[in-house]
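Source file: data11.txt. Holds: compact mmCIF, C-alpha atoms.
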# COMPACT_ATOMS: atom_id res chain seq x y z
CA MET A 1 25.44 3.42 -7.48
CA SER A 2 24.04 4.40 -4.12
CA GLU A 3 25.92 3.91 -0.91
CA ASN A 4 24.01 0.75 -0.11
CA SER A 5 24.43 -1.15 -3.36
CA ARG A 6 27.32 -3.56 -3.54
CA PRO A 7 28.63 -5.54 -6.50
CA GLY A 8 26.78 -8.83 -6.57
CA ALA A 9 23.61 -7.36 -5.12
CA ALA A 10 20.37 -8.52 -6.75
CA PHE A 11 19.33 -4.90 -7.36
CA ILE A 12 21.69 -1.99 -7.92
CA ALA A 13 19.95 1.25 -6.97
CA PRO A 14 21.11 4.38 -8.78
CA GLU A 15 21.78 7.54 -6.81
CA GLY A 16 18.53 8.99 -5.50
CA PHE A 17 16.53 5.77 -5.66
CA ARG A 18 16.21 5.27 -1.96
CA PRO A 19 13.31 5.80 0.44
CA ASP A 20 13.44 8.79 2.75
CA PHE A 21 13.95 7.25 6.18
CA SER A 22 14.43 10.63 7.87
CA LYS A 23 10.97 10.45 9.48
CA GLY A 24 11.22 6.80 10.51
CA LEU A 25 9.81 3.64 9.03
CA VAL A 26 8.51 3.65 5.47
CA PRO A 27 5.41 1.66 4.43
CA CYS A 28 6.01 -0.99 1.80
CA ILE A 29 3.23 -2.58 -0.26
CA ALA A 30 3.77 -6.14 -1.51
CA GLN A 31 1.92 -6.77 -4.77
CA ASP A 32 1.80 -10.00 -6.77
CA ALA A 33 3.88 -9.24 -9.87
CA ASP A 34 1.71 -11.47 -12.08
CA SER A 35 -1.87 -11.03 -10.85
CA GLY A 36 -1.61 -7.49 -9.48
CA GLU A 37 -3.21 -8.58 -6.22
CA VAL A 38 -2.12 -6.50 -3.23
CA LEU A 39 -1.00 -9.05 -0.66
CA MET A 40 0.15 -7.09 2.37
CA LEU A 41 1.69 -3.93 3.72
CA ALA A 42 4.69 -3.95 6.02
CA TYR A 43 7.40 -1.46 7.00
CA LEU A 44 11.00 -0.87 6.00
CA ASN A 45 13.89 0.67 7.81
CA ALA A 46 17.19 1.36 6.06
CA GLN A 47 18.64 -2.05 6.91
CA ALA A 48 15.56 -3.91 5.65
CA TRP A 49 15.74 -1.92 2.41
CA ASP A 50 19.44 -2.70 1.99
CA LEU A 51 18.96 -6.41 2.69
CA SER A 52 16.04 -6.61 0.26
CA LEU A 53 18.07 -5.11 -2.57
CA GLU A 54 21.11 -7.18 -1.69
CA SER A 55 19.31 -10.53 -1.45
CA GLY A 56 16.44 -10.07 -3.89
CA GLU A 57 13.99 -11.21 -1.19
CA ALA A 58 11.69 -9.00 0.87
CA HIS A 59 12.96 -7.98 4.29
CA TYR A 60 10.89 -5.79 6.59
CA TRP A 61 11.04 -4.24 10.02
CA SER A 62 8.55 -5.93 12.32
CA ARG A 63 6.87 -3.27 14.43
CA SER A 64 5.36 -5.82 16.80
CA ARG A 65 8.55 -7.84 17.35
CA LYS A 66 10.88 -4.85 16.93
CA CYS A 67 13.35 -6.73 14.78
CA LEU A 68 14.35 -7.30 11.19
CA TRP A 69 12.02 -9.73 9.48
CA HIS A 70 13.04 -11.82 6.51
CA LYS A 71 9.53 -12.59 5.30
CA GLY A 72 9.12 -16.36 5.08
CA GLU A 73 12.19 -17.16 7.14
CA LYS A 74 10.21 -19.68 9.20
CA SER A 75 7.51 -20.79 6.80
CA GLY A 76 9.59 -20.80 3.64
CA ASN A 77 7.03 -18.45 2.09
CA VAL A 78 9.61 -15.89 1.00
CA GLN A 79 8.84 -13.07 -1.40
CA LYS A 80 11.10 -12.98 -4.47
CA LEU A 81 11.48 -9.43 -5.71
CA ARG A 82 10.81 -8.87 -9.40
CA ALA A 83 10.82 -5.08 -9.26
CA ILE A 84 10.84 -2.25 -6.76
CA ARG A 85 8.90 0.97 -7.22
CA LEU A 86 9.31 4.16 -5.24
CA ASP A 87 6.62 6.83 -5.06
CA CYS A 88 6.87 10.49 -5.99
CA ASP A 89 7.74 11.59 -2.45
CA SER A 90 10.09 8.65 -1.80
CA ASP A 91 8.12 7.85 1.33
CA THR A 92 6.38 4.67 0.16
CA VAL A 93 7.77 1.55 -1.51
CA LEU A 94 6.02 -0.98 -3.75
CA PHE A 95 7.54 -4.45 -4.02
CA LEU A 96 6.42 -6.42 -7.06
CA ILE A 97 6.91 -9.97 -5.90
CA GLU A 98 6.56 -13.66 -6.52
CA GLN A 99 5.01 -15.09 -3.35
CA ILE A 100 6.48 -18.51 -2.63
CA GLY A 101 4.01 -20.88 -0.95
CA ASP A 102 0.97 -18.95 -2.23
CA ALA A 103 0.01 -17.30 1.06
CA ALA A 104 1.37 -13.97 2.25
CA CYS A 105 -0.87 -13.59 5.29
CA HIS A 106 -0.14 -15.14 8.67
CA THR A 107 -3.79 -16.26 8.75
CA GLY A 108 -3.04 -18.67 5.89
CA ARG A 109 -4.69 -16.55 3.22
CA ARG A 110 -3.08 -15.35 0.02
CA SER A 111 -3.64 -11.72 0.94
CA CYS A 112 -3.95 -9.90 4.23
CA PHE A 113 -6.75 -7.90 2.57
CA TYR A 114 -9.31 -10.69 2.65
CA ARG A 115 -12.29 -8.69 3.91
CA GLU A 116 -14.01 -6.65 1.23
CA LEU A 117 -16.86 -4.21 1.65
CA THR A 118 -18.88 -3.27 -1.43
CA ARG A 119 -22.20 -1.49 -1.79
CA HIS A 120 -23.75 -4.95 -1.49
CA GLY A 121 -22.13 -5.81 1.83
CA LEU A 122 -19.13 -7.59 3.27
CA GLU A 123 -17.46 -10.59 1.65
CA ILE A 124 -14.42 -12.74 2.32
CA CYS A 125 -12.47 -12.37 -0.91
CA ALA A 126 -9.46 -14.63 -0.18
CA PRO A 127 -10.01 -18.21 1.02
CA GLN A 128 -7.84 -19.77 3.69
CA LEU A 129 -5.15 -21.87 2.00
CA PHE A 130 -3.59 -23.49 5.05
CA ASP A 131 -3.80 -23.74 8.80
CA PRO A 132 -1.17 -21.33 10.10
CA ASN A 133 -0.71 -23.38 13.27
CA LYS A 134 0.64 -26.25 11.17
CA VAL A 135 3.00 -24.13 9.10
CA TYR A 136 4.67 -21.76 11.48
CA SER A 137 4.38 -19.99 14.76
CA GLY A 138 5.54 -16.58 15.76
CA GLU A 139 6.03 -15.20 12.24
CA LYS A 140 3.79 -12.22 12.12
CA LYS A 141 4.33 -8.62 11.33
CA MET B 1 -24.16 -1.32 11.32
CA SER B 2 -21.18 0.44 12.84
CA GLU B 3 -21.43 3.72 14.64
CA ASN B 4 -20.25 5.65 11.63
CA SER B 5 -22.58 4.27 8.98
CA ARG B 6 -25.74 6.25 8.36
CA PRO B 7 -28.72 5.36 6.20
CA GLY B 8 -28.04 6.68 2.71
CA ALA B 9 -24.28 6.19 3.00
CA ALA B 10 -22.58 4.73 -0.07
CA PHE B 11 -21.07 1.95 2.04
CA ILE B 12 -22.59 0.46 5.17
CA ALA B 13 -19.85 -1.07 7.31
CA PRO B 14 -20.87 -3.94 9.55
CA GLU B 15 -19.71 -4.01 13.15
CA GLY B 16 -15.97 -4.64 13.33
CA PHE B 17 -15.18 -3.47 9.83
CA ARG B 18 -13.34 -0.35 10.81
CA PRO B 19 -9.62 0.49 10.89
CA ASP B 20 -7.89 0.64 14.25
CA PHE B 21 -7.13 4.34 14.69
CA SER B 22 -5.89 3.89 18.26
CA LYS B 23 -2.25 4.35 17.17
CA GLY B 24 -2.93 7.29 14.88
CA LEU B 25 -3.23 7.54 11.12
CA VAL B 26 -3.76 4.40 9.07
CA PRO B 27 -2.13 3.93 5.64
CA CYS B 28 -4.53 3.50 2.74
CA ILE B 29 -3.53 2.07 -0.63
CA ALA B 30 -5.47 3.23 -3.69
CA GLN B 31 -5.57 0.56 -6.39
CA ASP B 32 -7.22 0.80 -9.80
CA ALA B 33 -10.21 -1.54 -9.53
CA ASP B 34 -9.96 -2.58 -13.20
CA SER B 35 -6.24 -2.76 -14.00
CA GLY B 36 -4.93 -3.62 -10.55
CA GLU B 37 -2.33 -0.86 -10.78
CA VAL B 38 -1.35 0.59 -7.42
CA LEU B 39 -1.79 4.33 -7.83
CA MET B 40 -0.86 5.90 -4.51
CA LEU B 41 -0.73 5.56 -0.76
CA ALA B 42 -2.20 8.15 1.57
CA TYR B 43 -3.44 8.22 5.16
CA LEU B 44 -6.79 8.03 6.89
CA ASN B 45 -8.01 9.31 10.18
CA ALA B 46 -11.45 8.39 11.52
CA GLN B 47 -13.15 11.36 9.88
CA ALA B 48 -11.60 10.64 6.47
CA TRP B 49 -12.75 7.01 6.77
CA ASP B 50 -16.28 8.08 7.69
CA LEU B 51 -16.49 10.59 4.85
CA SER B 52 -15.18 8.04 2.34
CA LEU B 53 -17.84 5.50 3.28
CA GLU B 54 -20.53 8.14 3.42
CA SER B 55 -19.76 9.75 0.06
CA GLY B 56 -18.32 6.84 -1.91
CA GLU B 57 -15.29 8.98 -2.82
CA ALA B 58 -11.83 8.76 -1.29
CA HIS B 59 -11.07 11.19 1.50
CA TYR B 60 -7.69 11.21 3.22
CA TRP B 61 -5.84 13.08 5.92
CA SER B 62 -3.11 15.20 4.40
CA ARG B 63 -0.03 14.92 6.57
CA SER B 64 1.70 17.84 4.87
CA ARG B 65 -1.26 20.23 4.97
CA LYS B 66 -2.66 18.82 8.22
CA CYS B 67 -6.25 18.81 7.01
CA LEU B 68 -8.90 16.58 5.53
CA TRP B 69 -8.34 16.01 1.85
CA HIS B 70 -11.11 15.12 -0.55
CA LYS B 71 -8.89 13.72 -3.28
CA GLY B 72 -9.60 15.55 -6.53
CA GLU B 73 -11.48 18.41 -4.88
CA LYS B 74 -9.48 20.94 -6.91
CA SER B 75 -8.58 19.00 -10.02
CA GLY B 76 -11.82 17.06 -10.37
CA ASN B 77 -9.74 13.87 -10.35
CA VAL B 78 -11.77 12.22 -7.62
CA GLN B 79 -11.50 8.54 -6.74
CA LYS B 80 -14.80 6.66 -6.91
CA LEU B 81 -14.80 3.78 -4.45
CA ARG B 82 -15.78 0.40 -5.86
CA ALA B 83 -14.75 -1.62 -2.81
CA ILE B 84 -12.90 -1.25 0.47
CA ARG B 85 -10.64 -3.94 1.90
CA LEU B 86 -9.25 -4.08 5.41
CA ASP B 87 -6.21 -6.11 6.32
CA CYS B 88 -5.91 -8.86 8.94
CA ASP B 89 -4.74 -6.48 11.66
CA SER B 90 -7.18 -3.71 10.73
CA ASP B 91 -4.26 -1.30 10.46
CA THR B 92 -4.14 -0.87 6.69
CA VAL B 93 -6.89 -0.08 4.18
CA LEU B 94 -7.09 -0.86 0.47
CA PHE B 95 -9.39 1.29 -1.66
CA LEU B 96 -10.35 -0.27 -4.99
CA ILE B 97 -11.15 2.77 -7.08
CA GLU B 98 -12.07 4.27 -10.37
CA GLN B 99 -9.68 7.18 -10.91
CA ILE B 100 -11.47 10.05 -12.61
CA GLY B 101 -9.20 12.05 -14.91
CA ASP B 102 -6.71 9.20 -15.34
CA ALA B 103 -3.96 10.60 -13.13
CA ALA B 104 -3.70 10.01 -9.37
CA CYS B 105 -0.29 11.60 -8.88
CA HIS B 106 0.25 15.31 -8.36
CA THR B 107 3.10 15.07 -10.89
CA GLY B 108 0.52 14.39 -13.61
CA ARG B 109 1.24 10.67 -13.81
CA ARG B 110 -1.31 7.90 -13.47
CA SER B 111 0.53 6.41 -10.49
CA CYS B 112 2.78 7.89 -7.84
CA PHE B 113 4.89 4.74 -8.26
CA TYR B 114 6.38 5.72 -11.61
CA ARG B 115 10.00 4.82 -10.88
CA GLU B 116 10.75 1.12 -11.18
CA LEU B 117 13.99 -0.66 -10.40
CA THR B 118 14.53 -4.11 -11.88
CA ARG B 119 17.64 -6.24 -12.16
CA HIS B 120 18.21 -4.44 -15.47
CA GLY B 121 18.16 -0.97 -14.00
CA LEU B 122 15.81 1.95 -13.44
CA GLU B 123 12.89 2.80 -15.68
CA ILE B 124 10.06 5.33 -15.69
CA CYS B 125 7.01 3.08 -15.86
CA ALA B 126 4.21 5.69 -15.93
CA PRO B 127 4.32 8.51 -18.48
CA GLN B 128 3.30 12.04 -17.62
CA LEU B 129 -0.30 12.58 -18.72
CA PHE B 130 -0.64 16.30 -18.00
CA ASP B 131 1.20 19.33 -16.75
CA PRO B 132 0.18 19.65 -13.09
CA ASN B 133 0.73 23.41 -13.18
CA LYS B 134 -2.09 23.74 -15.69
CA VAL B 135 -4.53 21.52 -13.79
CA TYR B 136 -4.24 22.50 -10.20
CA SER B 137 -2.07 24.04 -7.58
CA GLY B 138 -1.73 23.19 -3.96
CA GLU B 139 -3.38 19.76 -4.07
CA LYS B 140 -0.74 17.41 -2.83
CA LYS B 141 -0.65 14.89 -0.08
File written out as structure tokens:
Amino acid sequence: MSENSRPGAAFIAPEGFRPDFSKGLVPCIAQDADSGEVLMLAYLNAQAWDLSLESGEAHYWSRSRKCLWHKGEKSGNVQKLRAIRLDCDSDTVLFLIEQIGDAACHTGRRSCFYRELTRHGLEICAPQLFDPNKVYSGEKK
Amino acid sequence: MSENSRPGAAFIAPEGFRPDFSKGLVPCIAQDADSGEVLMLAYLNAQAWDLSLESGEAHYWSRSRKCLWHKGEKSGNVQKLRAIRLDCDSDTVLFLIEQIGDAACHTGRRSCFYRELTRHGLEICAPQLFDPNKVYSGEKK
């Protein structure tokens, strides 16, 4: 058990399964565990990592607000963690999640990656699901 | 057409479809366009972005080697770009790719994210497909 895993935590990380925070924040991809759709990328510091494992819900470090960010804390659109993957260099994290409320993006779309360029041109590949002004304010990475 | 798209380029980016490089490197997720599997995360600078759009194959900036990196240049395991997505803040890129040679990870695995923690414990979720020592040396992000 690593130093940050406590009895009762949602996820118990074995020794060595921890991002390398020695160079600062670590990027974290949130992917829909069922559809495989990549929904967003945010950043973790050690405390956000610990809280995510402890609670089973995604916590990030907001670079714009410079504070811990429990994703969905205002909107209710939390991200339930199904699994956590760590890359070969331990400098990137992949959260496999269940997105509550359907939309991960502060623009009201399911995914932040809603603009897609192909060889045929640009398309909007994720429709707007709600008006963000009616759901929350201020919650943004 | 943006300033970096030339006639004959694989992808022609319209005005505004360009990552914001003003704060430095931009993270870029490589996702298998067919299976949805997230294979790796690397970084782009402006030149890597331009070369990727121009050639239709993923180019990154190697942080460890401090040079442009045409992924697969040594191993032949290039990443053919099917589509390019940009997130809401234009500070993260998603490449939807066809991975030539099956493995994206320098460890010889399909994905760099081969370690998965669930509530049941840790598992290796991507088997080793080849011995990296026999395929290439020195190609590593």
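From CA of Arg82 in chain A back to CA of Ala58 in chain A, the distance works out to 10.3 Å.
Distance-wise, CA of Glu73 in chain A and CA of Met40 in chain A end up 16.4 Å apart.
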Q: Name the residues in contact with range 92-108 of chain B at a cut-off of 8 Å, using only C-alpha atoms, excluding same-chain residues fewer than 5 positions from it; report them as a ChimeraX atom specification.
A: /A:41,88,113 /B:19,26-34,39-40,58,76-87,128-132,139-140
(Q) Env of Ser55 in chain B: 12 Å cut, atoms = only C-alpha atoms, seq-sep filter 6 positions within chain, self excluded. Answer as a PyMOL selection string. (A) (chain A and resi 119) or (chain B and resi 5-12+47-49+70+78-82)
Restricted to C-alpha atoms, what would the selected residues look like written as a PDB file, keeping the file's coordinate frame?
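Output below, filename again.pdb:
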ATOM      1  CA  ARG A 119     -22.200  -1.490  -1.790  1.00  0.00           C
TER       2      ARG A 119
ATOM      3  CA  SER B   5     -22.580   4.270   8.980  1.00  0.00           C
ATOM      4  CA  ARG B   6     -25.740   6.250   8.360  1.00  0.00           C
ATOM      5  CA  PRO B   7     -28.720   5.360   6.200  1.00  0.00           C
ATOM      6  CA  GLY B   8     -28.040   6.680   2.710  1.00  0.00           C
ATOM      7  CA  ALA B   9     -24.280   6.190   3.000  1.00  0.00           C
ATOM      8  CA  ALA B  10     -22.580   4.730  -0.070  1.00  0.00           C
ATOM      9  CA  PHE B  11     -21.070   1.950   2.040  1.00  0.00           C
ATOM     10  CA  ILE B  12     -22.590   0.460   5.170  1.00  0.00           C
ATOM     11  CA  GLN B  47     -13.150  11.360   9.880  1.00  0.00           C
ATOM     12  CA  ALA B  48     -11.600  10.640   6.470  1.00  0.00           C
ATOM     13  CA  TRP B  49     -12.750   7.010   6.770  1.00  0.00           C
ATOM     14  CA  HIS B  70     -11.110  15.120  -0.550  1.00  0.00           C
ATOM     15  CA  VAL B  78     -11.770  12.220  -7.620  1.00  0.00           C
ATOM     16  CA  GLN B  79     -11.500   8.540  -6.740  1.00  0.00           C
ATOM     17  CA  LYS B  80     -14.800   6.660  -6.910  1.00  0.00           C
ATOM     18  CA  LEU B  81     -14.800   3.780  -4.450  1.00  0.00           C
ATOM     19  CA  ARG B  82     -15.780   0.400  -5.860  1.00  0.00           C
TER      20      ARG B  82
END
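Here the question is which of B:Ser35, B:Thr118, B:Asn45, B:Ser111 gets nearest to chain A using all atoms listed in the file, and that residue is B:Thr118.
Distance annotation: of A:Ser52, A:Ser62, A:Ser90, A:Asn133, the residue with the minimal separation from chain B is A:Ser90; atom set is only C-alpha atoms.
Considering the residues B:Val38, B:Leu25, B:Leu44, B:Leu68 and counting only C-alpha atoms, chain A has its shortest atom-to-atom contact with B:Val38.
Proximity ranking of A:Glu57, A:Glu37, A:Asp50, A:Glu15 relative to chain B places A:Glu37 first, based on only C-alpha atoms.
The interatomic distance for the pair CA of Lys23 in chain A and CA of Asp91 in chain A works out to 9.0 Å.
Candidate residues A:Arg109, A:Pro127, A:Lys66, A:Leu117 were compared for distance to chain B, and the nearest is A:Leu117, using only C-alpha atoms.
Between Leu122 in chain A and the candidates B:Gly36, B:Phe17, B:Ala46, B:Gly24, the tightest atom-to-atom separation, counting only C-alpha atoms, involves B:Phe17.
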How would range 49-60 of chain B look with all heavy atoms restored, written as a PDB file, in the frame of the given file?
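Written out: rebuild_32.pdb:
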ATOM      1  N   TRP B  49     -12.097   8.308   6.980  1.00  0.00           N
ATOM      2  CA  TRP B  49     -12.750   7.010   6.770  1.00  0.00           C
ATOM      3  C   TRP B  49     -14.268   7.173   6.673  1.00  0.00           C
ATOM      4  O   TRP B  49     -14.917   6.690   5.744  1.00  0.00           O
ATOM      5  CB  TRP B  49     -12.371   6.065   7.917  1.00  0.00           C
ATOM      6  CG  TRP B  49     -13.152   4.791   8.016  1.00  0.00           C
ATOM      7  CD1 TRP B  49     -14.218   4.562   8.846  1.00  0.00           C
ATOM      8  CD2 TRP B  49     -12.960   3.578   7.271  1.00  0.00           C
ATOM      9  NE1 TRP B  49     -14.678   3.273   8.680  1.00  0.00           N
ATOM     10  CE2 TRP B  49     -13.931   2.651   7.719  1.00  0.00           C
ATOM     11  CE3 TRP B  49     -12.047   3.181   6.285  1.00  0.00           C
ATOM     12  CZ2 TRP B  49     -14.029   1.353   7.206  1.00  0.00           C
ATOM     13  CZ3 TRP B  49     -12.135   1.887   5.768  1.00  0.00           C
ATOM     14  CH2 TRP B  49     -13.114   0.990   6.216  1.00  0.00           C
ATOM     15  N   ASP B  50     -14.831   7.892   7.651  1.00  0.00           N
ATOM     16  CA  ASP B  50     -16.280   8.080   7.690  1.00  0.00           C
ATOM     17  C   ASP B  50     -16.781   8.787   6.426  1.00  0.00           C
ATOM     18  O   ASP B  50     -17.783   8.387   5.826  1.00  0.00           O
ATOM     19  CB  ASP B  50     -16.682   8.889   8.926  1.00  0.00           C
ATOM     20  CG  ASP B  50     -16.460   8.126  10.226  1.00  0.00           C
ATOM     21  OD1 ASP B  50     -16.303   6.890  10.173  1.00  0.00           O
ATOM     22  OD2 ASP B  50     -16.426   8.767  11.288  1.00  0.00           O
ATOM     23  N   LEU B  51     -16.081   9.831   6.029  1.00  0.00           N
ATOM     24  CA  LEU B  51     -16.490  10.590   4.850  1.00  0.00           C
ATOM     25  C   LEU B  51     -16.366   9.762   3.576  1.00  0.00           C
ATOM     26  O   LEU B  51     -17.169   9.895   2.651  1.00  0.00           O
ATOM     27  CB  LEU B  51     -15.664  11.876   4.721  1.00  0.00           C
ATOM     28  CG  LEU B  51     -16.022  12.989   5.703  1.00  0.00           C
ATOM     29  CD1 LEU B  51     -14.969  14.096   5.668  1.00  0.00           C
ATOM     30  CD2 LEU B  51     -17.405  13.567   5.371  1.00  0.00           C
ATOM     31  N   SER B  52     -15.370   8.896   3.518  1.00  0.00           N
ATOM     32  CA  SER B  52     -15.180   8.040   2.340  1.00  0.00           C
ATOM     33  C   SER B  52     -16.363   7.074   2.211  1.00  0.00           C
ATOM     34  O   SER B  52     -16.928   6.904   1.120  1.00  0.00           O
ATOM     35  CB  SER B  52     -13.869   7.265   2.445  1.00  0.00           C
ATOM     36  OG  SER B  52     -12.760   8.143   2.445  1.00  0.00           O
ATOM     37  N   LEU B  53     -16.717   6.447   3.316  1.00  0.00           N
ATOM     38  CA  LEU B  53     -17.840   5.500   3.280  1.00  0.00           C
ATOM     39  C   LEU B  53     -19.155   6.219   2.990  1.00  0.00           C
ATOM     40  O   LEU B  53     -20.016   5.716   2.272  1.00  0.00           O
ATOM     41  CB  LEU B  53     -17.940   4.727   4.598  1.00  0.00           C
ATOM     42  CG  LEU B  53     -17.157   3.407   4.643  1.00  0.00           C
ATOM     43  CD1 LEU B  53     -15.665   3.643   4.540  1.00  0.00           C
ATOM     44  CD2 LEU B  53     -17.482   2.619   5.896  1.00  0.00           C
ATOM     45  N   GLU B  54     -19.299   7.371   3.568  1.00  0.00           N
ATOM     46  CA  GLU B  54     -20.530   8.140   3.420  1.00  0.00           C
ATOM     47  C   GLU B  54     -20.731   8.588   1.959  1.00  0.00           C
ATOM     48  O   GLU B  54     -21.803   8.430   1.387  1.00  0.00           O
ATOM     49  CB  GLU B  54     -20.451   9.370   4.329  1.00  0.00           C
ATOM     50  CG  GLU B  54     -21.588  10.349   4.218  1.00  0.00           C
ATOM     51  CD  GLU B  54     -22.820   9.922   5.011  1.00  0.00           C
ATOM     52  OE1 GLU B  54     -22.675   9.049   5.879  1.00  0.00           O
ATOM     53  OE2 GLU B  54     -23.905  10.457   4.735  1.00  0.00           O
ATOM     54  N   SER B  55     -19.653   9.118   1.377  1.00  0.00           N
ATOM     55  CA  SER B  55     -19.760   9.750   0.060  1.00  0.00           C
ATOM     56  C   SER B  55     -19.479   8.801  -1.097  1.00  0.00           C
ATOM     57  O   SER B  55     -19.873   9.070  -2.244  1.00  0.00           O
ATOM     58  CB  SER B  55     -18.775  10.918  -0.019  1.00  0.00           C
ATOM     59  OG  SER B  55     -17.436  10.424   0.014  1.00  0.00           O
ATOM     60  N   GLY B  56     -18.733   7.722  -0.823  1.00  0.00           N
ATOM     61  CA  GLY B  56     -18.320   6.840  -1.910  1.00  0.00           C
ATOM     62  C   GLY B  56     -17.142   7.373  -2.703  1.00  0.00           C
ATOM     63  O   GLY B  56     -16.799   6.840  -3.760  1.00  0.00           O
ATOM     64  N   GLU B  57     -16.506   8.426  -2.196  1.00  0.00           N
ATOM     65  CA  GLU B  57     -15.290   8.980  -2.820  1.00  0.00           C
ATOM     66  C   GLU B  57     -14.192   9.059  -1.778  1.00  0.00           C
ATOM     67  O   GLU B  57     -14.451   9.350  -0.599  1.00  0.00           O
ATOM     68  CB  GLU B  57     -15.568  10.370  -3.403  1.00  0.00           C
ATOM     69  CG  GLU B  57     -16.572  10.343  -4.550  1.00  0.00           C
ATOM     70  CD  GLU B  57     -16.749  11.708  -5.220  1.00  0.00           C
ATOM     71  OE1 GLU B  57     -16.138  12.700  -4.752  1.00  0.00           O
ATOM     72  OE2 GLU B  57     -17.513  11.766  -6.211  1.00  0.00           O
ATOM     73  N   ALA B  58     -12.952   8.823  -2.225  1.00  0.00           N
ATOM     74  CA  ALA B  58     -11.830   8.760  -1.290  1.00  0.00           C
ATOM     75  C   ALA B  58     -11.563  10.107  -0.632  1.00  0.00           C
ATOM     76  O   ALA B  58     -11.419  11.127  -1.309  1.00  0.00           O
ATOM     77  CB  ALA B  58     -10.572   8.278  -2.017  1.00  0.00           C
ATOM     78  N   HIS B  59     -11.512  10.061   0.681  1.00  0.00           N
ATOM     79  CA  HIS B  59     -11.070  11.190   1.500  1.00  0.00           C
ATOM     80  C   HIS B  59      -9.869  10.704   2.315  1.00  0.00           C
ATOM     81  O   HIS B  59      -9.867   9.564   2.798  1.00  0.00           O
ATOM     82  CB  HIS B  59     -12.163  11.647   2.459  1.00  0.00           C
ATOM     83  CG  HIS B  59     -13.321  12.330   1.801  1.00  0.00           C
ATOM     84  ND1 HIS B  59     -14.186  11.675   0.952  1.00  0.00           N
ATOM     85  CD2 HIS B  59     -13.762  13.619   1.881  1.00  0.00           C
ATOM     86  CE1 HIS B  59     -15.112  12.538   0.536  1.00  0.00           C
ATOM     87  NE2 HIS B  59     -14.879  13.712   1.074  1.00  0.00           N
ATOM     88  N   TYR B  60      -8.882  11.563   2.450  1.00  0.00           N
ATOM     89  CA  TYR B  60      -7.690  11.210   3.220  1.00  0.00           C
ATOM     90  C   TYR B  60      -7.420  12.319   4.242  1.00  0.00           C
ATOM     91  O   TYR B  60      -8.048  13.373   4.231  1.00  0.00           O
ATOM     92  CB  TYR B  60      -6.475  11.056   2.295  1.00  0.00           C
ATOM     93  CG  TYR B  60      -6.652  10.027   1.192  1.00  0.00           C
ATOM     94  CD1 TYR B  60      -6.852  10.428  -0.131  1.00  0.00           C
ATOM     95  CD2 TYR B  60      -6.616   8.666   1.471  1.00  0.00           C
ATOM     96  CE1 TYR B  60      -7.014   9.493  -1.153  1.00  0.00           C
ATOM     97  CE2 TYR B  60      -6.777   7.726   0.459  1.00  0.00           C
ATOM     98  CZ  TYR B  60      -6.978   8.145  -0.841  1.00  0.00           C
ATOM     99  OH  TYR B  60      -7.140   7.216  -1.846  1.00  0.00           O
TER     100      TYR B  60
END
